[in-house]
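Engineer: Handing over my_file-v2.cif, mmCIF, C-alpha atoms.
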data_run
#
loop_
_atom_site.label_atom_id
_atom_site.label_comp_id
_atom_site.auth_asym_id
_atom_site.auth_seq_id
_atom_site.Cartn_x
_atom_site.Cartn_y
_atom_site.Cartn_z
CA MET A 1 18.02 -41.67 8.83
CA LYS A 2 19.21 -38.72 6.83
CA ASN A 3 20.59 -35.78 8.67
CA PRO A 4 18.65 -32.54 8.01
CA PHE A 5 21.81 -30.56 8.77
CA ASP A 6 23.21 -31.88 5.47
CA ASN A 7 20.42 -30.15 3.61
CA LEU A 8 21.33 -26.70 4.90
CA ASP A 9 22.71 -24.43 2.21
CA LYS A 10 26.18 -23.21 3.19
CA SER A 11 25.81 -19.98 1.22
CA LEU A 12 22.58 -19.16 3.08
CA GLU A 13 23.95 -19.78 6.57
CA HIS A 14 24.56 -16.11 7.24
CA ARG A 15 21.43 -14.38 8.51
CA VAL A 16 21.82 -11.27 6.34
CA ARG A 17 21.82 -13.48 3.22
CA LEU A 18 18.78 -15.30 4.49
CA GLN A 19 17.04 -11.97 5.03
CA ILE A 20 17.98 -10.75 1.54
CA MET A 21 16.53 -13.92 0.02
CA SER A 22 13.34 -13.64 2.14
CA VAL A 23 12.72 -10.17 0.74
CA LEU A 24 13.50 -11.17 -2.84
CA VAL A 25 11.29 -14.27 -2.90
CA THR A 26 8.28 -12.34 -1.57
CA ASN A 27 8.74 -9.34 -3.86
CA GLU A 28 9.02 -9.09 -7.60
CA ALA A 29 12.14 -6.90 -7.28
CA TYR A 30 13.82 -4.72 -4.65
CA ASP A 31 16.28 -1.85 -4.84
CA PHE A 32 19.52 -1.58 -2.89
CA ASN A 33 18.57 1.29 -0.58
CA SER A 34 15.17 -0.14 0.40
CA LEU A 35 16.87 -3.43 1.15
CA LYS A 36 19.59 -1.76 3.22
CA GLU A 37 17.02 0.18 5.23
CA LEU A 38 14.82 -2.86 5.81
CA ILE A 39 17.56 -5.20 6.97
CA GLY A 40 19.44 -2.48 8.83
CA VAL A 41 23.00 -3.09 7.63
CA THR A 42 25.72 -0.88 6.18
CA ASP A 43 26.32 -0.34 2.46
CA GLY A 44 29.51 -2.36 2.44
CA ASN A 45 28.07 -5.22 4.44
CA LEU A 46 25.02 -5.56 2.20
CA ALA A 47 27.12 -5.22 -0.96
CA SER A 48 29.45 -8.04 0.04
CA HIS A 49 26.55 -10.39 0.79
CA MET A 50 24.85 -9.44 -2.47
CA LYS A 51 28.04 -10.23 -4.32
CA ALA A 52 28.20 -13.65 -2.71
CA LEU A 53 24.56 -14.39 -3.63
CA GLU A 54 25.18 -13.16 -7.15
CA LYS A 55 28.18 -15.46 -7.47
CA GLU A 56 25.96 -18.41 -6.53
CA LYS A 57 23.49 -17.19 -9.20
CA TYR A 58 20.78 -16.89 -6.53
CA ILE A 59 19.98 -13.32 -7.53
CA SER A 60 20.04 -11.32 -10.73
CA ILE A 61 20.76 -7.63 -11.11
CA THR A 62 19.23 -5.12 -13.49
CA LYS A 63 20.74 -1.69 -13.72
CA SER A 64 18.81 1.24 -15.12
CA PHE A 65 18.67 4.98 -14.72
CA ALA A 66 15.83 6.92 -13.08
CA ASP A 67 16.18 10.71 -13.14
CA ARG A 68 19.82 10.27 -14.16
CA LYS A 69 20.53 8.42 -10.92
CA PRO A 70 21.58 4.79 -11.17
CA ASN A 71 18.80 2.49 -10.04
CA THR A 72 19.84 -1.07 -9.32
CA LYS A 73 17.15 -3.68 -8.89
CA TYR A 74 17.66 -7.14 -7.49
CA LYS A 75 15.57 -10.21 -8.24
CA ALA A 76 15.68 -13.77 -6.98
CA THR A 77 16.47 -16.29 -9.72
CA GLU A 78 14.67 -19.61 -10.06
CA ARG A 79 17.81 -21.28 -8.72
CA GLY A 80 17.79 -18.89 -5.75
CA ARG A 81 14.12 -19.60 -5.00
CA THR A 82 14.65 -23.36 -5.05
CA SER A 83 17.73 -23.17 -2.81
CA PHE A 84 15.96 -20.85 -0.41
CA ARG A 85 12.97 -23.21 -0.17
CA LYS A 86 15.22 -26.23 0.44
CA HIS A 87 17.16 -24.36 3.12
CA LEU A 88 13.89 -23.34 4.77
CA GLU A 89 12.66 -26.96 4.73
CA ALA A 90 15.93 -28.11 6.30
CA LEU A 91 15.58 -25.48 9.04
CA GLU A 92 12.07 -26.69 9.78
CA ASP A 93 13.20 -30.33 9.86
CA ILE A 94 15.97 -29.50 12.32
CA LEU A 95 13.55 -27.76 14.66
CA LYS A 96 10.99 -30.55 14.27
CA GLN A 97 13.56 -33.20 15.23
CA GLN A 98 14.60 -31.10 18.18
CA LYS A 99 11.07 -31.13 19.56
CA LYS A 100 10.73 -34.94 19.53
CA MET B 101 27.17 -25.41 12.67
CA LYS B 102 25.00 -23.09 14.71
CA GLU B 103 23.11 -23.69 17.93
CA ILE B 104 19.41 -24.60 17.82
CA PRO B 105 18.15 -21.20 19.13
CA GLU B 106 20.09 -19.60 16.26
CA TYR B 107 18.05 -21.61 13.76
CA GLU B 108 14.89 -20.48 15.47
CA LYS B 109 16.07 -16.89 15.12
CA ASP B 110 16.76 -17.53 11.44
CA LEU B 111 13.18 -18.65 10.88
CA ALA B 112 11.78 -15.72 12.86
CA SER B 113 13.84 -13.23 10.86
CA ILE B 114 12.67 -14.79 7.59
CA ARG B 115 9.06 -14.33 8.66
CA ALA B 116 9.64 -10.74 9.78
CA MET B 117 11.43 -9.80 6.55
CA MET B 118 8.74 -11.34 4.37
CA GLU B 119 6.06 -9.36 6.12
CA ARG B 120 7.88 -6.06 6.48
CA SER B 121 9.27 -6.02 2.95
CA VAL B 122 5.83 -5.79 1.35
CA LYS B 123 4.20 -3.46 3.81
CA PHE B 124 4.20 0.30 3.64
CA ALA B 125 3.69 1.16 7.31
CA SER B 126 3.91 4.94 7.16
CA LEU B 127 0.22 5.61 6.52
CA SER B 128 -1.11 7.87 9.22
CA GLY B 129 -4.57 7.51 10.72
CA LEU B 130 -4.79 11.23 11.32
CA SER B 131 -4.61 11.96 7.58
CA GLY B 132 -7.74 9.80 7.16
CA VAL B 133 -9.58 11.88 9.75
CA LEU B 134 -8.49 15.17 8.14
CA ALA B 135 -9.38 13.95 4.64
CA GLY B 136 -12.81 13.04 5.99
CA ILE B 137 -13.25 16.50 7.50
CA TYR B 138 -12.22 18.20 4.23
CA ALA B 139 -14.71 16.00 2.38
CA LEU B 140 -17.52 16.91 4.78
CA LEU B 141 -16.69 20.61 4.44
CA GLY B 142 -16.67 20.13 0.66
CA ALA B 143 -19.99 18.30 0.75
CA GLY B 144 -21.42 21.08 2.94
CA THR B 145 -20.31 23.68 0.42
CA ALA B 146 -21.79 21.63 -2.41
CA TYR B 147 -25.06 21.34 -0.50
CA TYR B 148 -25.09 25.12 -0.03
CA LEU B 149 -24.51 25.62 -3.76
CA ILE B 150 -27.25 23.22 -4.87
CA TYR B 151 -30.00 22.89 -2.30
CA PHE B 152 -29.81 25.66 0.29
CA PRO B 153 -32.13 26.44 2.09
CA ASN B 154 -33.86 23.12 1.40
CA SER B 155 -32.84 19.75 2.79
CA PRO B 156 -30.81 17.48 0.50
CA PHE B 157 -33.96 15.35 0.17
CA GLY B 158 -36.04 18.26 -1.06
CA PHE B 159 -36.12 20.01 -4.39
CA ARG B 160 -33.15 21.94 -5.63
CA PHE B 161 -32.60 25.59 -6.43
CA ASN B 162 -29.69 25.04 -8.72
CA TYR B 163 -29.08 22.25 -11.18
CA LEU B 164 -25.84 20.76 -12.31
CA ASN B 165 -26.48 21.55 -15.93
CA GLU B 166 -26.07 25.21 -15.12
CA ARG B 167 -22.55 25.92 -16.13
CA GLU B 168 -21.68 28.18 -13.22
CA THR B 169 -22.84 25.75 -10.52
CA LEU B 170 -21.02 22.90 -12.21
CA LEU B 171 -17.74 24.83 -12.33
CA GLN B 172 -18.05 25.81 -8.67
CA LEU B 173 -18.60 22.16 -7.72
CA ILE B 174 -15.60 21.02 -9.73
CA VAL B 175 -13.44 23.60 -7.94
CA VAL B 176 -14.73 22.42 -4.52
CA ALA B 177 -14.01 18.77 -5.39
CA GLY B 178 -10.55 19.67 -6.69
CA VAL B 179 -9.67 21.60 -3.52
CA VAL B 180 -10.81 18.66 -1.34
CA LEU B 181 -8.75 16.20 -3.41
CA ILE B 182 -5.57 18.28 -3.39
CA ALA B 183 -5.83 19.14 0.32
CA SER B 184 -6.34 15.44 1.18
CA LEU B 185 -3.37 14.30 -0.93
CA LEU B 186 -1.07 16.97 0.53
CA THR B 187 -2.15 16.14 4.10
CA GLY B 188 -1.67 12.42 3.46
CA TYR B 189 1.80 13.01 2.04
CA ALA B 190 2.90 15.36 4.85
CA LEU B 191 1.67 13.07 7.65
CA SER B 192 3.17 9.96 6.03
CA LEU B 193 6.48 11.78 5.81
CA LYS B 194 6.26 12.58 9.51
CA LYS B 195 5.37 9.02 10.47
CA ALA B 196 8.13 7.59 8.26
CA LYS B 197 10.62 9.84 10.06
CA LYS B 198 9.34 8.57 13.39
CA LEU B 199 9.65 4.94 12.23
CA GLY B 200 13.11 5.70 10.87
CA VAL B 201 12.35 4.61 7.31
CA SER B 202 12.19 6.52 4.05
CA ILE B 203 8.84 7.23 2.45
CA TRP B 204 10.11 6.37 -1.02
CA ASN B 205 10.88 2.65 -1.03
CA THR B 206 9.89 -0.44 -2.95
CA PRO B 207 6.56 -1.09 -1.13
CA SER B 208 5.49 2.55 -1.36
CA LYS B 209 6.21 2.65 -5.09
CA GLN B 210 4.21 -0.54 -5.62
CA LEU B 211 1.41 0.92 -3.50
CA LEU B 212 1.24 4.05 -5.66
CA ILE B 213 1.15 1.99 -8.87
CA ASP B 214 -1.66 -0.21 -7.52
CA LEU B 215 -3.56 2.82 -6.22
CA PHE B 216 -3.29 5.02 -9.28
CA THR B 217 -4.08 2.43 -11.95
CA PRO B 218 -7.81 2.25 -11.06
CA LEU B 219 -7.80 5.86 -9.86
CA ILE B 220 -6.62 7.32 -13.17
CA ALA B 221 -9.00 5.11 -15.15
CA GLY B 222 -11.84 6.29 -12.86
CA GLY B 223 -10.74 9.92 -13.03
CA LEU B 224 -10.76 9.89 -16.82
CA LEU B 225 -14.18 8.20 -16.84
CA LEU B 226 -15.48 10.92 -14.48
CA LEU B 227 -14.25 13.63 -16.84
CA ILE B 228 -15.96 11.88 -19.76
CA LEU B 229 -19.20 11.52 -17.76
CA LEU B 230 -19.03 15.22 -16.83
CA TRP B 231 -18.42 16.18 -20.44
CA ARG B 232 -21.29 14.01 -21.70
CA GLY B 233 -23.60 15.30 -18.98
CA TYR B 234 -24.24 11.99 -17.20
CA PHE B 235 -24.41 13.56 -13.76
CA ALA B 236 -26.61 10.94 -12.13
CA ILE B 237 -23.86 8.31 -11.87
CA LEU B 238 -20.96 10.65 -11.03
CA ALA B 239 -20.99 10.00 -7.26
CA SER B 240 -21.42 6.28 -7.79
CA ALA B 241 -18.49 6.05 -10.23
CA CYS B 242 -16.36 8.18 -7.88
CA LEU B 243 -16.96 5.85 -4.92
CA LEU B 244 -16.63 2.65 -6.95
CA PHE B 245 -13.30 3.49 -8.53
CA TYR B 246 -11.93 4.86 -5.27
CA GLY B 247 -12.96 1.64 -3.51
CA LEU B 248 -11.33 -0.50 -6.20
CA ALA B 249 -8.16 1.60 -5.96
CA LEU B 250 -8.01 1.09 -2.19
CA ALA B 251 -8.66 -2.64 -2.48
CA SER B 252 -5.86 -3.04 -5.01
CA ALA B 253 -3.43 -0.86 -3.02
CA SER B 254 -4.10 -2.72 0.24
CA ARG B 255 -1.78 -5.53 -0.89
CA ASN B 256 1.15 -3.35 0.19
CA THR B 257 -0.19 -1.84 3.37
CA TYR B 258 -2.52 -2.45 6.30
CA LYS B 259 -5.39 -4.86 5.66
CA GLU B 260 -7.85 -2.28 7.04
CA VAL B 261 -7.41 -0.38 3.77
CA TRP B 262 -8.99 -3.35 1.99
CA TYR B 263 -12.09 -3.16 4.22
CA LEU B 264 -12.30 0.60 3.65
CA GLY B 265 -12.23 -0.17 -0.09
CA LEU B 266 -15.06 -2.72 0.26
CA PHE B 267 -17.24 -0.21 2.12
CA GLU B 268 -16.59 2.45 -0.55
CA ILE B 269 -17.57 -0.05 -3.27
CA ALA B 270 -20.78 -0.95 -1.40
CA LEU B 271 -21.68 2.73 -1.04
CA GLY B 272 -20.91 3.30 -4.72
CA LEU B 273 -23.32 0.55 -5.72
CA MET B 274 -26.01 1.93 -3.40
CA ALA B 275 -25.50 5.39 -4.88
CA ALA B 276 -26.13 3.89 -8.32
CA LEU B 277 -29.41 2.40 -7.04
CA LEU B 278 -30.55 5.75 -5.67
CA PRO B 279 -29.66 8.41 -8.22
CA GLY B 280 -30.22 11.94 -6.99
CA TYR B 281 -28.77 11.25 -3.56
CA GLY B 282 -25.22 11.29 -4.85
CA LEU B 283 -24.08 14.08 -2.56
CA LEU B 284 -25.30 12.19 0.50
CA PHE B 285 -23.43 9.02 -0.48
CA TRP B 286 -20.40 11.07 -1.40
CA ALA B 287 -20.39 12.68 2.07
CA LEU B 288 -20.80 9.25 3.70
CA GLY B 289 -18.06 7.59 1.64
CA PHE B 290 -15.43 10.30 1.57
CA GLY B 291 -16.35 12.02 4.83
CA VAL B 292 -17.78 9.70 7.46
CA LEU B 293 -15.97 6.50 6.38
CA HIS B 294 -12.59 8.26 6.27
CA ILE B 295 -13.09 9.67 9.76
CA VAL B 296 -14.11 6.29 11.20
CA TYR B 297 -11.21 4.56 9.42
CA GLY B 298 -8.75 7.27 10.50
CA ILE B 299 -9.72 7.07 14.18
CA LEU B 300 -9.47 3.26 14.10
CA MET B 301 -6.03 3.36 12.46
CA HIS B 302 -4.81 6.04 14.81
CA TYR B 303 -5.58 3.96 17.88
CA ARG B 304 -4.31 0.72 16.35
CA TYR B 305 -1.01 1.83 14.83
CA ASP B 306 -0.05 5.42 15.58
CA GLN B 307 0.27 5.25 19.34
#
Could you render the structure from this file as structure tokens?

Structural biologist:
Amino acid sequence: MKNPFDNLDKSLEHRVRLQIMSVLVTNEAYDFNSLKELIGVTDGNLASHMKALEKEKYISITKSFADRKPNTKYKATERGRTSFRKHLEALEDILKQQKK
Amino acid sequence: MKEIPEYEKDLASIRAMMERSVKFASLSGLSGVLAGIYALLGAGTAYYLIYFPNSPFGFRFNYLNERETLLQLIVVAGVVLIASLLTGYALSLKKAKKLGVSIWNTPSKQLLIDLFTPLIAGGLLLLILLWRGYFAILASACLLFYGLALASASRNTYKEVWYLGLFEIALGLMAALLPGYGLLFWALGFGVLHIVYGILMHYRYDQ
């Protein structure tokens, strides 16, 4: 019997990262400030988690300028979507086993 | 490794984020009611300009192909549109402040794009119809494009907006079947429907 805990993604363990990925898989793209407001974390906190997700190549970043202000948009990569789905399935398996 | 309740919280937070990230929640029901009242006042003025003292079912004193009447009606419609947009913006700003979110975020931008794509196409068509003198289908086209705009924008906000869109589309089609009663359908679609929708939204979400 395989252990569903083994299927959990270590880089998605932290809830803020999980929330970031939830937003990015449901939306085409999201900007930093909207994301910060939605999740309710500080600039620095969000930035450090974004950096971690970027390092895993789970998200991609496009920088542009709107009205001369920098506008950074984040997107989930295909790799990020797959990992997120697998992590979600593992979470469900864990809870399903718990109920038996 | 975390405890089991922590995993349950993880799943719950995923669900909440997925839902909240696409929804623009700062629409105010009151702005629907006010927009409806402006539209009824506008329709009343239009009635006065065209039919008074006859009923809107009777014969008219002024016709749209008279330049002066037409210009007056365009001004009335423009005032109603601008007043409704300003009211909607101001009340959304207020509600956003109450909810502690900003009005200018990813869902609201997407909502505006979805709303204005059909709206601008419809607006341009209306100008062309006006210019070519096809007055009989003006009200119908107005309602149809507005309904389509609402239906497409509803993806990023409350699902009630989608139903409002469907009703506007239905009225638009009926207006096309009964040319000559455009003003009546216009008053129903932009006046009465907005007021009903606004009251419903106010009691469901603004309390």

Engineer: If we count only C-alpha atoms, what is near Ile114 in chain B at a cut-off of 7 Å, once residues fewer than 2 positions away on the same chain are taken out, given as a list in words?

Structural biologist: Leu18, Gln19 and Ser22 of chain A; Asp110, Leu111, Ala112, Ala116, Met117 and Met118 of chain B

Engineer: Would you translate the PyMOL selection byres ((chain A) within 10 of (chain B)) into the concrete set of residues it matches in this file, as a PyMOL selection string?

Structural biologist: chain A and resi 5+8+10+13-16+18-35+37-39+73+88+91-92+94-95+98

Engineer: What lies within 10 Å of Tyr258 in chain B using only C-alpha atoms, ignoring chain neighbours under 4 positions off, as a PyMOL selection string?

Structural biologist: chain B and resi 123-127+253-254+262-263+301+305

Engineer: With C-alpha atoms retained, could you export that selection as an mmCIF file, in the coordinates of the input?

Structural biologist:
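File again38.cif, as written:
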data_model
loop_
_atom_site.group_PDB
_atom_site.id
_atom_site.type_symbol
_atom_site.label_atom_id
_atom_site.label_comp_id
_atom_site.auth_asym_id
_atom_site.auth_seq_id
_atom_site.Cartn_x
_atom_site.Cartn_y
_atom_site.Cartn_z
ATOM 1 C CA LYS B 123 4.200 -3.460 3.810
ATOM 2 C CA PHE B 124 4.200 0.300 3.640
ATOM 3 C CA ALA B 125 3.690 1.160 7.310
ATOM 4 C CA SER B 126 3.910 4.940 7.160
ATOM 5 C CA LEU B 127 0.220 5.610 6.520
ATOM 6 C CA ALA B 253 -3.430 -0.860 -3.020
ATOM 7 C CA SER B 254 -4.100 -2.720 0.240
ATOM 8 C CA TRP B 262 -8.990 -3.350 1.990
ATOM 9 C CA TYR B 263 -12.090 -3.160 4.220
ATOM 10 C CA MET B 301 -6.030 3.360 12.460
ATOM 11 C CA TYR B 305 -1.010 1.830 14.830
#

Engineer: Name the residues that the PyMOL selection byres ((chain A and resi 83) around 12) pulls out of this structure, and write them as a PDB file with C-alpha atoms, keeping the file's coordinate frame.

Structural biologist:
ATOM      1  CA  ASN A   7      20.420 -30.150   3.610  1.00  0.00           C
ATOM      2  CA  LEU A   8      21.330 -26.700   4.900  1.00  0.00           C
ATOM      3  CA  ASP A   9      22.710 -24.430   2.210  1.00  0.00           C
ATOM      4  CA  LYS A  10      26.180 -23.210   3.190  1.00  0.00           C
ATOM      5  CA  SER A  11      25.810 -19.980   1.220  1.00  0.00           C
ATOM      6  CA  LEU A  12      22.580 -19.160   3.080  1.00  0.00           C
ATOM      7  CA  GLU A  13      23.950 -19.780   6.570  1.00  0.00           C
ATOM      8  CA  LEU A  18      18.780 -15.300   4.490  1.00  0.00           C
ATOM      9  CA  MET A  21      16.530 -13.920   0.020  1.00  0.00           C
ATOM     10  CA  SER A  22      13.340 -13.640   2.140  1.00  0.00           C
ATOM     11  CA  VAL A  25      11.290 -14.270  -2.900  1.00  0.00           C
ATOM     12  CA  LEU A  53      24.560 -14.390  -3.630  1.00  0.00           C
ATOM     13  CA  GLU A  56      25.960 -18.410  -6.530  1.00  0.00           C
ATOM     14  CA  LYS A  57      23.490 -17.190  -9.200  1.00  0.00           C
ATOM     15  CA  TYR A  58      20.780 -16.890  -6.530  1.00  0.00           C
ATOM     16  CA  ILE A  59      19.980 -13.320  -7.530  1.00  0.00           C
ATOM     17  CA  ALA A  76      15.680 -13.770  -6.980  1.00  0.00           C
ATOM     18  CA  THR A  77      16.470 -16.290  -9.720  1.00  0.00           C
ATOM     19  CA  GLU A  78      14.670 -19.610 -10.060  1.00  0.00           C
ATOM     20  CA  ARG A  79      17.810 -21.280  -8.720  1.00  0.00           C
ATOM     21  CA  GLY A  80      17.790 -18.890  -5.750  1.00  0.00           C
ATOM     22  CA  ARG A  81      14.120 -19.600  -5.000  1.00  0.00           C
ATOM     23  CA  THR A  82      14.650 -23.360  -5.050  1.00  0.00           C
ATOM     24  CA  PHE A  84      15.960 -20.850  -0.410  1.00  0.00           C
ATOM     25  CA  ARG A  85      12.970 -23.210  -0.170  1.00  0.00           C
ATOM     26  CA  LYS A  86      15.220 -26.230   0.440  1.00  0.00           C
ATOM     27  CA  HIS A  87      17.160 -24.360   3.120  1.00  0.00           C
ATOM     28  CA  LEU A  88      13.890 -23.340   4.770  1.00  0.00           C
ATOM     29  CA  GLU A  89      12.660 -26.960   4.730  1.00  0.00           C
ATOM     30  CA  ALA A  90      15.930 -28.110   6.300  1.00  0.00           C
TER      31      ALA A  90
END

Engineer: Name every residue that the PyMOL selection byres ((chain B and resi 215) around 10) selects in this structure, writing the answer as a tab-separated table (two decimals) with C-alpha atoms, in the coordinates of the input with chains first and numbers rising.

Structural biologist:
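Final file, out.tsv:
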chain	number	residue	atom	x	y	z
B	209	LYS	CA	6.21	2.65	-5.09
B	210	GLN	CA	4.21	-0.54	-5.62
B	211	LEU	CA	1.41	0.92	-3.50
B	212	LEU	CA	1.24	4.05	-5.66
B	213	ILE	CA	1.15	1.99	-8.87
B	214	ASP	CA	-1.66	-0.21	-7.52
B	216	PHE	CA	-3.29	5.02	-9.28
B	217	THR	CA	-4.08	2.43	-11.95
B	218	PRO	CA	-7.81	2.25	-11.06
B	219	LEU	CA	-7.80	5.86	-9.86
B	220	ILE	CA	-6.62	7.32	-13.17
B	246	TYR	CA	-11.93	4.86	-5.27
B	247	GLY	CA	-12.96	1.64	-3.51
B	248	LEU	CA	-11.33	-0.50	-6.20
B	249	ALA	CA	-8.16	1.60	-5.96
B	250	LEU	CA	-8.01	1.09	-2.19
B	251	ALA	CA	-8.66	-2.64	-2.48
B	252	SER	CA	-5.86	-3.04	-5.01
B	253	ALA	CA	-3.43	-0.86	-3.02
B	254	SER	CA	-4.10	-2.72	0.24

Engineer: Quick check, in Å to one decimal: how far apart do CA of Ser184 in chain B and CA of Arg167 in chain B lie?

Structural biologist: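 CA of Arg167 in chain B lies 25.9 Å from CA of Ser184 in chain B.
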
Engineer: Taking all atoms listed in the file into account, which of B:Ala241, B:Leu193, B:Val180, B:Leu225 comes nearest Ser128 in chain B?

Structural biologist: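 Looking at the shortest contact to Ser128 in chain B, the residue is B:Leu193.
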
Engineer: Counting only C-alpha atoms, which of B:Tyr297, B:Phe245, B:Phe235, B:Phe285 gets nearest to Lys259 in chain B?

Structural biologist: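 Smallest separation from Lys259 in chain B among the options: B:Tyr297.
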
Engineer: Which residues are close to Leu300 in chain B, i.e. within 12 Å by only C-alpha atoms, leaving aside same-chain residues fewer than 3 positions away? Reply as JSON, numbers by chain.

Structural biologist: {"B": [128, 129, 130, 131, 132, 133, 258, 260, 261, 264, 293, 294, 295, 296, 297, 303, 304, 305, 306, 307]}

Engineer: So what do you get for CA of Leu140 in chain B versus CA of Gly272 in chain B, distance-wise?

Structural biologist: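 Atom-to-atom, CA of Leu140 in chain B to CA of Gly272 in chain B, that is 16.9 Å.
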
Engineer: Report, in Å with one decimal, the straight-line distance from CA of Arg255 in chain B to CA of Asn71 in chain A.

Structural biologist: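 These two atoms are separated by 23.9 Å.
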
Engineer: Quick one: 5 Å padding each side, axis-aligned, all listed atoms of range 283-291 of chain B - centre and edge lengths in Å to one decimal, as AutoDock Vina command-line options?

Structural biologist:
--center_x -20.4 --center_y 10.8 --center_z 1.1 --size_x 19.9 --size_y 16.5 --size_z 17.4
